[in-house]
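Engineer: Got a file for you: target-v4.txt, compact mmCIF, N, CA and C atoms.
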```
# COMPACT_ATOMS: atom_id res chain seq x y z
N MET A 1 24.62 -3.24 -23.53
CA MET A 1 24.63 -4.50 -22.84
C MET A 1 24.04 -5.58 -23.73
N GLN A 2 24.77 -6.62 -23.97
CA GLN A 2 24.33 -7.73 -24.81
C GLN A 2 23.42 -8.64 -24.00
N LEU A 3 22.23 -8.93 -24.55
CA LEU A 3 21.26 -9.81 -23.89
C LEU A 3 20.91 -10.97 -24.80
N ASN A 4 20.29 -11.97 -24.23
CA ASN A 4 19.78 -13.10 -25.00
C ASN A 4 18.31 -12.83 -25.36
N LEU A 5 18.10 -11.66 -25.96
CA LEU A 5 16.78 -11.19 -26.37
C LEU A 5 16.94 -10.40 -27.66
N PRO A 6 15.91 -10.34 -28.49
CA PRO A 6 16.02 -9.55 -29.71
C PRO A 6 16.17 -8.06 -29.39
N ALA A 7 16.94 -7.37 -30.22
CA ALA A 7 17.10 -5.92 -30.07
C ALA A 7 15.83 -5.23 -30.56
N TYR A 8 15.60 -4.05 -30.08
CA TYR A 8 14.52 -3.21 -30.59
C TYR A 8 15.03 -1.78 -30.59
N GLU A 9 14.31 -0.89 -31.24
CA GLU A 9 14.73 0.50 -31.36
C GLU A 9 14.44 1.23 -30.06
N VAL A 10 15.49 1.49 -29.29
CA VAL A 10 15.34 2.15 -27.99
C VAL A 10 15.48 3.66 -28.14
N LYS A 11 14.84 4.38 -27.24
CA LYS A 11 15.00 5.84 -27.15
C LYS A 11 15.68 6.13 -25.83
N ILE A 12 16.88 6.67 -25.92
CA ILE A 12 17.65 7.01 -24.72
C ILE A 12 17.96 8.49 -24.75
N ARG A 13 17.86 9.12 -23.59
CA ARG A 13 18.21 10.53 -23.49
C ARG A 13 19.19 10.72 -22.33
N LYS A 14 20.05 11.68 -22.52
CA LYS A 14 21.02 12.03 -21.47
C LYS A 14 20.31 12.86 -20.41
N ASN A 15 20.59 12.56 -19.17
CA ASN A 15 20.02 13.31 -18.06
C ASN A 15 21.21 13.86 -17.29
N GLU A 16 21.56 15.11 -17.57
CA GLU A 16 22.79 15.72 -17.05
C GLU A 16 23.04 15.42 -15.58
N GLY A 17 24.16 14.80 -15.31
CA GLY A 17 24.58 14.50 -13.95
C GLY A 17 23.85 13.35 -13.29
N LYS A 18 22.86 12.77 -13.97
CA LYS A 18 22.07 11.71 -13.35
C LYS A 18 22.09 10.43 -14.15
N GLY A 19 22.87 10.34 -15.21
CA GLY A 19 22.90 9.15 -16.03
C GLY A 19 21.90 9.25 -17.17
N ASP A 20 21.64 8.13 -17.81
CA ASP A 20 20.73 8.11 -18.96
C ASP A 20 19.34 7.65 -18.55
N ASP A 21 18.37 8.04 -19.36
CA ASP A 21 16.99 7.58 -19.22
C ASP A 21 16.61 6.83 -20.48
N ILE A 22 15.70 5.86 -20.34
CA ILE A 22 15.19 5.10 -21.47
C ILE A 22 13.69 5.32 -21.52
N PHE A 23 13.15 5.43 -22.74
CA PHE A 23 11.71 5.62 -22.86
C PHE A 23 11.01 4.28 -22.70
N ASP A 24 10.11 4.22 -21.74
CA ASP A 24 9.33 3.03 -21.46
C ASP A 24 7.99 3.19 -22.18
N THR A 25 7.81 2.45 -23.25
CA THR A 25 6.58 2.57 -24.03
C THR A 25 5.37 2.02 -23.27
N PHE A 26 5.59 1.20 -22.26
CA PHE A 26 4.50 0.61 -21.50
C PHE A 26 3.97 1.59 -20.45
N ARG A 27 4.88 2.36 -19.85
CA ARG A 27 4.48 3.38 -18.88
C ARG A 27 4.35 4.75 -19.53
N ARG A 28 4.77 4.84 -20.79
CA ARG A 28 4.70 6.07 -21.59
C ARG A 28 5.45 7.24 -20.96
N LYS A 29 6.68 6.93 -20.50
CA LYS A 29 7.52 7.98 -19.92
C LYS A 29 8.97 7.50 -19.90
N TYR A 30 9.87 8.46 -19.73
CA TYR A 30 11.28 8.13 -19.56
C TYR A 30 11.51 7.69 -18.12
N VAL A 31 12.32 6.65 -17.95
CA VAL A 31 12.69 6.14 -16.64
C VAL A 31 14.21 5.98 -16.60
N ARG A 32 14.77 5.92 -15.41
CA ARG A 32 16.21 5.77 -15.24
C ARG A 32 16.68 4.47 -15.89
N LEU A 33 17.72 4.58 -16.69
CA LEU A 33 18.28 3.40 -17.38
C LEU A 33 19.26 2.69 -16.45
N THR A 34 18.80 1.61 -15.86
CA THR A 34 19.64 0.75 -15.03
C THR A 34 19.80 -0.57 -15.77
N PRO A 35 20.72 -1.41 -15.38
CA PRO A 35 20.83 -2.72 -16.02
C PRO A 35 19.53 -3.53 -15.94
N GLU A 36 18.84 -3.46 -14.80
CA GLU A 36 17.56 -4.18 -14.67
C GLU A 36 16.50 -3.60 -15.62
N GLU A 37 16.48 -2.28 -15.75
CA GLU A 37 15.51 -1.64 -16.66
C GLU A 37 15.80 -2.01 -18.11
N TRP A 38 17.07 -2.12 -18.46
CA TRP A 38 17.47 -2.56 -19.80
C TRP A 38 16.88 -3.94 -20.09
N VAL A 39 16.99 -4.84 -19.12
CA VAL A 39 16.43 -6.19 -19.26
C VAL A 39 14.91 -6.11 -19.37
N ARG A 40 14.27 -5.35 -18.49
CA ARG A 40 12.81 -5.24 -18.49
C ARG A 40 12.29 -4.77 -19.85
N GLN A 41 12.87 -3.71 -20.37
CA GLN A 41 12.39 -3.16 -21.64
C GLN A 41 12.57 -4.16 -22.78
N HIS A 42 13.71 -4.80 -22.84
CA HIS A 42 13.94 -5.78 -23.91
C HIS A 42 13.03 -7.00 -23.77
N PHE A 43 12.83 -7.46 -22.55
CA PHE A 43 12.00 -8.64 -22.36
C PHE A 43 10.54 -8.35 -22.70
N LEU A 44 10.03 -7.22 -22.26
CA LEU A 44 8.64 -6.88 -22.55
C LEU A 44 8.41 -6.68 -24.06
N HIS A 45 9.38 -6.07 -24.73
CA HIS A 45 9.27 -5.93 -26.19
C HIS A 45 9.33 -7.30 -26.87
N PHE A 46 10.14 -8.20 -26.34
CA PHE A 46 10.20 -9.57 -26.84
C PHE A 46 8.83 -10.25 -26.69
N LEU A 47 8.20 -10.11 -25.52
CA LEU A 47 6.89 -10.71 -25.32
C LEU A 47 5.87 -10.18 -26.34
N CYS A 48 5.93 -8.89 -26.60
CA CYS A 48 4.98 -8.29 -27.55
C CYS A 48 5.28 -8.70 -28.99
N SER A 49 6.53 -8.55 -29.41
CA SER A 49 6.86 -8.75 -30.82
C SER A 49 7.01 -10.22 -31.21
N GLU A 50 7.58 -11.02 -30.34
CA GLU A 50 7.87 -12.42 -30.69
C GLU A 50 6.82 -13.40 -30.15
N LYS A 51 6.25 -13.08 -29.00
CA LYS A 51 5.32 -14.00 -28.34
C LYS A 51 3.87 -13.51 -28.37
N HIS A 52 3.63 -12.37 -28.99
CA HIS A 52 2.28 -11.84 -29.27
C HIS A 52 1.46 -11.46 -28.05
N TYR A 53 2.12 -11.09 -26.97
CA TYR A 53 1.40 -10.61 -25.79
C TYR A 53 0.94 -9.18 -26.04
N PRO A 54 -0.31 -8.85 -25.76
CA PRO A 54 -0.80 -7.48 -25.99
C PRO A 54 -0.21 -6.51 -24.96
N ALA A 55 0.40 -5.44 -25.44
CA ALA A 55 0.97 -4.43 -24.54
C ALA A 55 -0.13 -3.82 -23.66
N SER A 56 -1.35 -3.78 -24.16
CA SER A 56 -2.45 -3.18 -23.40
C SER A 56 -2.80 -3.99 -22.15
N LEU A 57 -2.35 -5.24 -22.07
CA LEU A 57 -2.63 -6.08 -20.91
C LEU A 57 -1.44 -6.17 -19.95
N MET A 58 -0.41 -5.34 -20.19
CA MET A 58 0.78 -5.36 -19.34
C MET A 58 0.76 -4.22 -18.34
N SER A 59 1.25 -4.51 -17.15
CA SER A 59 1.39 -3.51 -16.11
C SER A 59 2.82 -3.60 -15.57
N VAL A 60 3.47 -2.46 -15.41
CA VAL A 60 4.87 -2.42 -15.02
C VAL A 60 5.02 -1.69 -13.68
N GLU A 61 5.79 -2.30 -12.79
CA GLU A 61 6.14 -1.73 -11.48
C GLU A 61 4.95 -1.16 -10.74
N LYS A 62 4.10 -2.04 -10.29
CA LYS A 62 2.95 -1.63 -9.47
C LYS A 62 3.14 -2.16 -8.06
N SER A 63 2.55 -1.47 -7.11
CA SER A 63 2.67 -1.85 -5.70
C SER A 63 1.60 -2.85 -5.31
N LEU A 64 1.93 -3.68 -4.33
CA LEU A 64 0.98 -4.59 -3.72
C LEU A 64 1.40 -4.81 -2.28
N MET A 65 0.49 -5.28 -1.46
CA MET A 65 0.78 -5.55 -0.05
C MET A 65 0.91 -7.06 0.15
N ILE A 66 1.99 -7.47 0.81
CA ILE A 66 2.21 -8.87 1.14
C ILE A 66 2.52 -8.93 2.63
N ASN A 67 1.66 -9.61 3.38
CA ASN A 67 1.80 -9.69 4.83
C ASN A 67 1.94 -8.31 5.47
N GLY A 68 1.15 -7.36 4.99
CA GLY A 68 1.16 -6.01 5.53
C GLY A 68 2.34 -5.17 5.11
N MET A 69 3.20 -5.70 4.23
CA MET A 69 4.39 -4.98 3.78
C MET A 69 4.21 -4.54 2.33
N PRO A 70 4.52 -3.29 2.00
CA PRO A 70 4.41 -2.86 0.60
C PRO A 70 5.54 -3.47 -0.24
N ARG A 71 5.19 -4.02 -1.37
CA ARG A 71 6.13 -4.60 -2.32
C ARG A 71 5.80 -4.07 -3.70
N ARG A 72 6.73 -4.25 -4.63
CA ARG A 72 6.53 -3.76 -5.99
C ARG A 72 6.96 -4.85 -6.96
N PHE A 73 6.02 -5.31 -7.78
CA PHE A 73 6.37 -6.32 -8.78
C PHE A 73 6.92 -5.64 -10.02
N ASP A 74 7.72 -6.38 -10.79
CA ASP A 74 8.34 -5.81 -11.99
C ASP A 74 7.37 -5.70 -13.16
N ALA A 75 6.63 -6.76 -13.45
CA ALA A 75 5.65 -6.71 -14.54
C ALA A 75 4.64 -7.83 -14.39
N VAL A 76 3.43 -7.53 -14.83
CA VAL A 76 2.35 -8.52 -14.86
C VAL A 76 1.65 -8.40 -16.21
N VAL A 77 1.29 -9.53 -16.76
CA VAL A 77 0.42 -9.57 -17.94
C VAL A 77 -0.91 -10.11 -17.44
N TYR A 78 -1.98 -9.39 -17.78
CA TYR A 78 -3.32 -9.77 -17.35
C TYR A 78 -4.07 -10.50 -18.45
N LYS A 79 -5.05 -11.27 -18.05
CA LYS A 79 -6.01 -11.86 -18.99
C LYS A 79 -7.00 -10.76 -19.38
N ASN A 80 -7.79 -11.02 -20.39
CA ASN A 80 -8.80 -10.05 -20.80
C ASN A 80 -9.79 -9.72 -19.70
N ASN A 81 -10.00 -10.64 -18.77
CA ASN A 81 -10.96 -10.39 -17.68
C ASN A 81 -10.33 -9.65 -16.50
N GLY A 82 -9.03 -9.30 -16.60
CA GLY A 82 -8.36 -8.52 -15.57
C GLY A 82 -7.67 -9.32 -14.50
N THR A 83 -7.70 -10.65 -14.57
CA THR A 83 -6.98 -11.46 -13.59
C THR A 83 -5.55 -11.70 -14.08
N PRO A 84 -4.59 -11.83 -13.17
CA PRO A 84 -3.19 -12.00 -13.56
C PRO A 84 -2.94 -13.31 -14.30
N LEU A 85 -2.28 -13.21 -15.42
CA LEU A 85 -1.89 -14.36 -16.23
C LEU A 85 -0.44 -14.74 -15.97
N LEU A 86 0.44 -13.72 -15.98
CA LEU A 86 1.88 -13.94 -15.97
C LEU A 86 2.54 -12.89 -15.08
N LEU A 87 3.32 -13.33 -14.11
CA LEU A 87 4.07 -12.45 -13.22
C LEU A 87 5.54 -12.59 -13.55
N ILE A 88 6.24 -11.46 -13.71
CA ILE A 88 7.64 -11.49 -14.15
C ILE A 88 8.52 -10.72 -13.17
N GLU A 89 9.65 -11.30 -12.83
CA GLU A 89 10.68 -10.65 -12.02
C GLU A 89 11.94 -10.54 -12.84
N PHE A 90 12.48 -9.32 -12.95
CA PHE A 90 13.69 -9.07 -13.73
C PHE A 90 14.86 -8.79 -12.81
N LYS A 91 16.02 -9.20 -13.25
CA LYS A 91 17.27 -8.90 -12.57
C LYS A 91 18.26 -8.40 -13.61
N ALA A 92 19.28 -7.69 -13.14
CA ALA A 92 20.36 -7.23 -14.03
C ALA A 92 21.11 -8.45 -14.56
N PRO A 93 21.74 -8.33 -15.73
CA PRO A 93 22.44 -9.48 -16.34
C PRO A 93 23.49 -10.12 -15.45
N GLU A 94 24.12 -9.35 -14.58
CA GLU A 94 25.17 -9.93 -13.74
C GLU A 94 24.61 -10.64 -12.50
N ILE A 95 23.30 -10.56 -12.27
CA ILE A 95 22.69 -11.22 -11.12
C ILE A 95 22.33 -12.65 -11.49
N LYS A 96 22.80 -13.59 -10.67
CA LYS A 96 22.51 -15.00 -10.89
C LYS A 96 21.04 -15.28 -10.56
N LEU A 97 20.38 -16.05 -11.41
CA LEU A 97 19.00 -16.43 -11.15
C LEU A 97 18.99 -17.63 -10.23
N SER A 98 18.84 -17.36 -8.96
CA SER A 98 18.95 -18.38 -7.92
C SER A 98 17.57 -18.72 -7.35
N GLN A 99 17.57 -19.63 -6.41
CA GLN A 99 16.33 -19.98 -5.70
C GLN A 99 15.77 -18.75 -5.00
N THR A 100 16.63 -17.88 -4.51
CA THR A 100 16.20 -16.65 -3.83
C THR A 100 15.37 -15.78 -4.77
N VAL A 101 15.79 -15.66 -6.01
CA VAL A 101 15.05 -14.87 -7.00
C VAL A 101 13.70 -15.52 -7.27
N PHE A 102 13.69 -16.84 -7.44
CA PHE A 102 12.43 -17.53 -7.67
C PHE A 102 11.51 -17.39 -6.46
N ASP A 103 12.06 -17.48 -5.25
CA ASP A 103 11.26 -17.32 -4.04
C ASP A 103 10.63 -15.92 -3.99
N GLN A 104 11.35 -14.92 -4.46
CA GLN A 104 10.83 -13.56 -4.47
C GLN A 104 9.58 -13.47 -5.34
N VAL A 105 9.65 -13.97 -6.56
CA VAL A 105 8.48 -13.90 -7.45
C VAL A 105 7.36 -14.78 -6.91
N ALA A 106 7.69 -15.90 -6.28
CA ALA A 106 6.67 -16.78 -5.71
C ALA A 106 5.94 -16.09 -4.55
N ARG A 107 6.67 -15.33 -3.73
CA ARG A 107 6.03 -14.58 -2.63
C ARG A 107 5.06 -13.55 -3.20
N TYR A 108 5.48 -12.82 -4.23
CA TYR A 108 4.59 -11.84 -4.86
C TYR A 108 3.35 -12.54 -5.41
N ASN A 109 3.54 -13.75 -5.89
CA ASN A 109 2.42 -14.46 -6.49
C ASN A 109 1.41 -14.95 -5.46
N LEU A 110 1.78 -15.00 -4.20
CA LEU A 110 0.82 -15.35 -3.16
C LEU A 110 -0.36 -14.37 -3.19
N ALA A 111 -0.06 -13.11 -3.49
CA ALA A 111 -1.11 -12.09 -3.54
C ALA A 111 -1.80 -12.05 -4.91
N LEU A 112 -1.05 -12.33 -5.98
CA LEU A 112 -1.61 -12.16 -7.33
C LEU A 112 -2.26 -13.41 -7.90
N GLN A 113 -1.71 -14.58 -7.59
CA GLN A 113 -2.23 -15.86 -8.10
C GLN A 113 -2.21 -15.93 -9.63
N ALA A 114 -1.09 -15.55 -10.23
CA ALA A 114 -0.93 -15.64 -11.69
C ALA A 114 -0.79 -17.10 -12.10
N ASP A 115 -1.13 -17.39 -13.35
CA ASP A 115 -1.03 -18.75 -13.88
C ASP A 115 0.41 -19.14 -14.21
N TYR A 116 1.25 -18.14 -14.54
CA TYR A 116 2.64 -18.39 -14.95
C TYR A 116 3.56 -17.42 -14.22
N LEU A 117 4.78 -17.89 -13.94
CA LEU A 117 5.83 -17.06 -13.35
C LEU A 117 7.04 -17.10 -14.26
N ILE A 118 7.69 -15.95 -14.41
CA ILE A 118 8.93 -15.87 -15.19
C ILE A 118 9.95 -15.09 -14.39
N ILE A 119 11.20 -15.56 -14.42
CA ILE A 119 12.33 -14.78 -13.94
C ILE A 119 13.32 -14.68 -15.10
N SER A 120 13.94 -13.50 -15.23
CA SER A 120 14.90 -13.29 -16.31
C SER A 120 15.95 -12.27 -15.89
N ASN A 121 17.18 -12.53 -16.30
CA ASN A 121 18.25 -11.54 -16.16
C ASN A 121 18.71 -11.08 -17.55
N GLY A 122 17.91 -11.36 -18.55
CA GLY A 122 18.24 -10.97 -19.91
C GLY A 122 19.12 -11.98 -20.63
N ILE A 123 19.78 -12.82 -19.89
CA ILE A 123 20.63 -13.87 -20.46
C ILE A 123 19.90 -15.20 -20.35
N LEU A 124 19.42 -15.49 -19.16
CA LEU A 124 18.65 -16.71 -18.90
C LEU A 124 17.22 -16.32 -18.54
N HIS A 125 16.28 -17.17 -18.94
CA HIS A 125 14.87 -16.93 -18.66
C HIS A 125 14.27 -18.26 -18.21
N TYR A 126 13.54 -18.23 -17.11
CA TYR A 126 12.85 -19.42 -16.62
C TYR A 126 11.36 -19.11 -16.50
N CYS A 127 10.56 -20.05 -16.96
CA CYS A 127 9.11 -19.89 -16.92
C CYS A 127 8.50 -21.14 -16.30
N CYS A 128 7.56 -20.95 -15.41
CA CYS A 128 6.85 -22.11 -14.86
C CYS A 128 5.35 -21.86 -14.86
N LYS A 129 4.62 -22.94 -14.96
CA LYS A 129 3.17 -22.90 -14.92
C LYS A 129 2.74 -23.37 -13.54
N MET A 130 1.84 -22.61 -12.94
CA MET A 130 1.33 -22.94 -11.62
C MET A 130 0.19 -23.93 -11.74
N ASP A 131 0.14 -24.88 -10.83
CA ASP A 131 -0.98 -25.81 -10.71
C ASP A 131 -1.48 -25.68 -9.28
N TYR A 132 -2.46 -24.81 -9.09
CA TYR A 132 -2.95 -24.52 -7.74
C TYR A 132 -3.71 -25.70 -7.14
N GLU A 133 -4.34 -26.48 -7.98
CA GLU A 133 -5.10 -27.63 -7.50
C GLU A 133 -4.17 -28.65 -6.82
N LYS A 134 -3.02 -28.91 -7.44
CA LYS A 134 -2.07 -29.88 -6.89
C LYS A 134 -0.99 -29.21 -6.04
N GLN A 135 -1.07 -27.89 -5.91
CA GLN A 135 -0.09 -27.10 -5.17
C GLN A 135 1.33 -27.38 -5.64
N ARG A 136 1.51 -27.26 -6.97
CA ARG A 136 2.81 -27.51 -7.61
C ARG A 136 3.02 -26.49 -8.71
N TYR A 137 4.23 -26.48 -9.21
CA TYR A 137 4.53 -25.70 -10.41
C TYR A 137 5.41 -26.55 -11.31
N TYR A 138 5.34 -26.25 -12.59
CA TYR A 138 6.07 -27.01 -13.60
C TYR A 138 6.89 -26.06 -14.45
N PHE A 139 8.19 -26.30 -14.53
CA PHE A 139 9.02 -25.47 -15.40
C PHE A 139 8.78 -25.86 -16.84
N LEU A 140 8.68 -24.86 -17.70
CA LEU A 140 8.45 -25.07 -19.12
C LEU A 140 9.75 -24.91 -19.88
N LYS A 141 9.87 -25.59 -21.01
CA LYS A 141 11.08 -25.47 -21.84
C LYS A 141 11.16 -24.11 -22.51
N ASN A 142 10.01 -23.55 -22.85
CA ASN A 142 9.96 -22.26 -23.54
C ASN A 142 8.89 -21.37 -22.94
N ILE A 143 9.03 -20.11 -23.17
CA ILE A 143 7.98 -19.17 -22.79
C ILE A 143 6.85 -19.32 -23.80
N PRO A 144 5.64 -19.59 -23.31
CA PRO A 144 4.54 -19.84 -24.25
C PRO A 144 4.13 -18.59 -25.02
N ASP A 145 3.68 -18.81 -26.22
CA ASP A 145 3.11 -17.73 -27.03
C ASP A 145 1.75 -17.37 -26.42
N TYR A 146 1.40 -16.12 -26.47
CA TYR A 146 0.13 -15.68 -25.88
C TYR A 146 -1.04 -16.42 -26.52
N THR A 147 -0.96 -16.69 -27.81
CA THR A 147 -2.06 -17.35 -28.52
C THR A 147 -2.24 -18.80 -28.08
N ASP A 148 -1.24 -19.38 -27.41
CA ASP A 148 -1.33 -20.76 -26.93
C ASP A 148 -1.89 -20.86 -25.52
N LEU A 149 -2.11 -19.72 -24.90
CA LEU A 149 -2.61 -19.75 -23.52
C LEU A 149 -4.10 -19.73 -23.56
```
Mind turning the file's structure into structure tokens?

Structural biologist:
Amino acid sequence: MQLNLPAYEVKIRKNEGKGDDIFDTFRRKYVRLTPEEWVRQHFLHFLCSEKHYPASLMSVEKSLMINGMPRRFDAVVYKNNGTPLLLIEFKAPEIKLSQTVFDQVARYNLALQADYLIISNGILHYCCKMDYEKQRYYFLKNIPDYTDL
């Protein structure tokens, strides 16, 4: 699958009768290779290699409770003090990045209160900075480098 992200050396294994698995270096295990997972792996490697985000501060597919309902976010990058810096929602390349997708990540952020939100389908990527004081968010032209935060 062609993405608007740099390629990296992937490890894929055949899983007889169940499709392929991809090695997730962040979770340190093989996971089912879906179009969304393909985007997730490429985007997280992009953040590490091109934008200098430390892999040690990333968390992938963790559960949280929102209004008493269990939800699962796609990825979070934490600050050194353990508070959420960046919340990311991934979609498969064929999924349009709509207001509904942005609303999904915004709902998750009600619980996490991250400074930045990103949505990506591997082709398009949108990043916004939260301003909790003014109760607004601002879309950025580029995804910031970790060293600039």

Engineer: Taking all atoms of segment 111-118 of chain A that the file lists and extending 3 Å past them on each side, where is the centre of the axis-aligned box and how long are its edges? Answer in Å to one decimal, as AutoDock Vina command-line options.

Structural biologist:
```
--center_x 3.8 --center_y -15.6 --center_z -9.3 --size_x 18.2 --size_y 13.1 --size_z 17.7
```

Engineer: Using Å and a single decimal, report how far atom CA of Ser49 of chain A sits from atom N of Leu86 of chain A.

Structural biologist: 16.9 Å

Engineer: Mind the document's chain letters and residue numbers, and return as a list in words the residues of chain A that DSSP labels alpha helix (DSSP H).

Structural biologist: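 Alpha helix (DSSP H) assignments inside chain A correspond to Pro35, Glu36, Glu37, Trp38, Val39, Arg40, Gln41, His42, Phe43, Leu44, His45, Phe46, Leu47, Cys48, Ser49, Gln99, Thr100, Val101, Phe102, Asp103, Gln104, Val105, Ala106, Arg107, Tyr108, Asn109, Leu110, Ala111 and Leu112 of chain A.
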
Engineer: How far is it from atom C of Val76 of chain A to atom C of Tyr30 of chain A, in Å with one decimal?

Structural biologist: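 That distance, rounded to one decimal, is 19.0 Å.
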
Engineer: So, counting only N, CA and C atoms, which residue among A:Phe90, A:Phe26, A:Phe139, A:Phe46 is closest to Val60 of chain A?

Structural biologist: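 Under the stated criterion, the closest residue is A:Phe26.
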
Engineer: Take atom CA of Asn109 of chain A and atom CA of Asp24 of chain A and report the distance between them in Å, one decimal.

Structural biologist: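 About the pair atom CA of Asn109 of chain A and atom CA of Asp24 of chain A: they are 24.0 Å apart.
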
Engineer: Write out as a ChimeraX atom specification the set of residues from segment 6-147 of chain A that DSSP, computed on the backbone, places in strand (DSSP E or B).

Structural biologist: /A:12-15,19-24,29-32,58-66,69-78,84-90,116-120,125-131,136-140

Engineer: Using all atoms listed in the file, find the one residue out of A:Gln113, A:Gln135, A:Ser63, A:Asn15 that sits nearest to Leu87 of chain A.

Structural biologist: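 So, comparing all the options, the nearest one is A:Gln113.
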
Engineer: Closest to His45 of chain A among A:Arg32, A:Asp20, A:Lys62, A:Pro6, using all atoms listed in the file?

Structural biologist: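 That would be A:Pro6, the residue with the smallest distance to His45 of chain A.
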
Engineer: Excluding Ala114 of chain A and its own-chain neighbours fewer than 3 positions away, which residues fall within 7 Å of it when counting all atoms listed in the file? Please give them as JSON, numbers by chain.

Structural biologist: {"A": [83, 84, 85, 86, 87, 109, 110, 111, 117, 130]}

Engineer: For a cut-off of 7 Å around (18.4, -5.6, -26.1), file coordinates, pick out all residues using only N, CA and C atoms and list them as a list in words.

Structural biologist: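 Using only N, CA and C atoms, the matching residues come out as Met1, Gln2, Leu3, Asn4, Leu5, Pro6, Ala7, Tyr8, Trp38, Gln41, His42 and Phe43 of chain A.
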
Engineer: Near Ser56 of chain A, within 10 Å and counting only C-alpha atoms, which residues show up once chain neighbours fewer than 6 positions away are dropped, as number ranges by chain?

Structural biologist: A: 26, 48, 77-78, 80

Engineer: Set the distance at 6 Å and use only N, CA and C atoms: which residues neighbour Cys128 of chain A once local chain neighbours fewer than 3 positions away are removed? I'd like the list as a PyMOL selection string.

Structural biologist: chain A and resi 115-118+137-140

Engineer: Determine the nearest neighbour of Val101 of chain A from the options A:Lys141, A:Lys51, A:Lys18, A:His125, counting only C-alpha atoms.

Structural biologist: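 Going through A:Lys141, A:Lys51, A:Lys18, A:His125 one by one, the smallest distance to Val101 of chain A is for A:His125.
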
Engineer: A:Glu89, A:Thr34, A:Tyr132, A:Thr147: which is nearest Ile119 of chain A, counting all atoms listed in the file?

Structural biologist: A:Glu89

Engineer: Between A:Glu9, A:Pro35, A:Arg107, A:Glu16, which residue has the minimum interatomic distance to Ile66 of chain A, considering all atoms listed in the file?

Structural biologist: A:Arg107

Engineer: Using all atoms listed in the file, list the residues that have an atom at most 8 Å from (0.2, -18.5, -28.7), coordinates as in the file, as a PyMOL selection string.

Structural biologist: chain A and resi 51-53+144-149
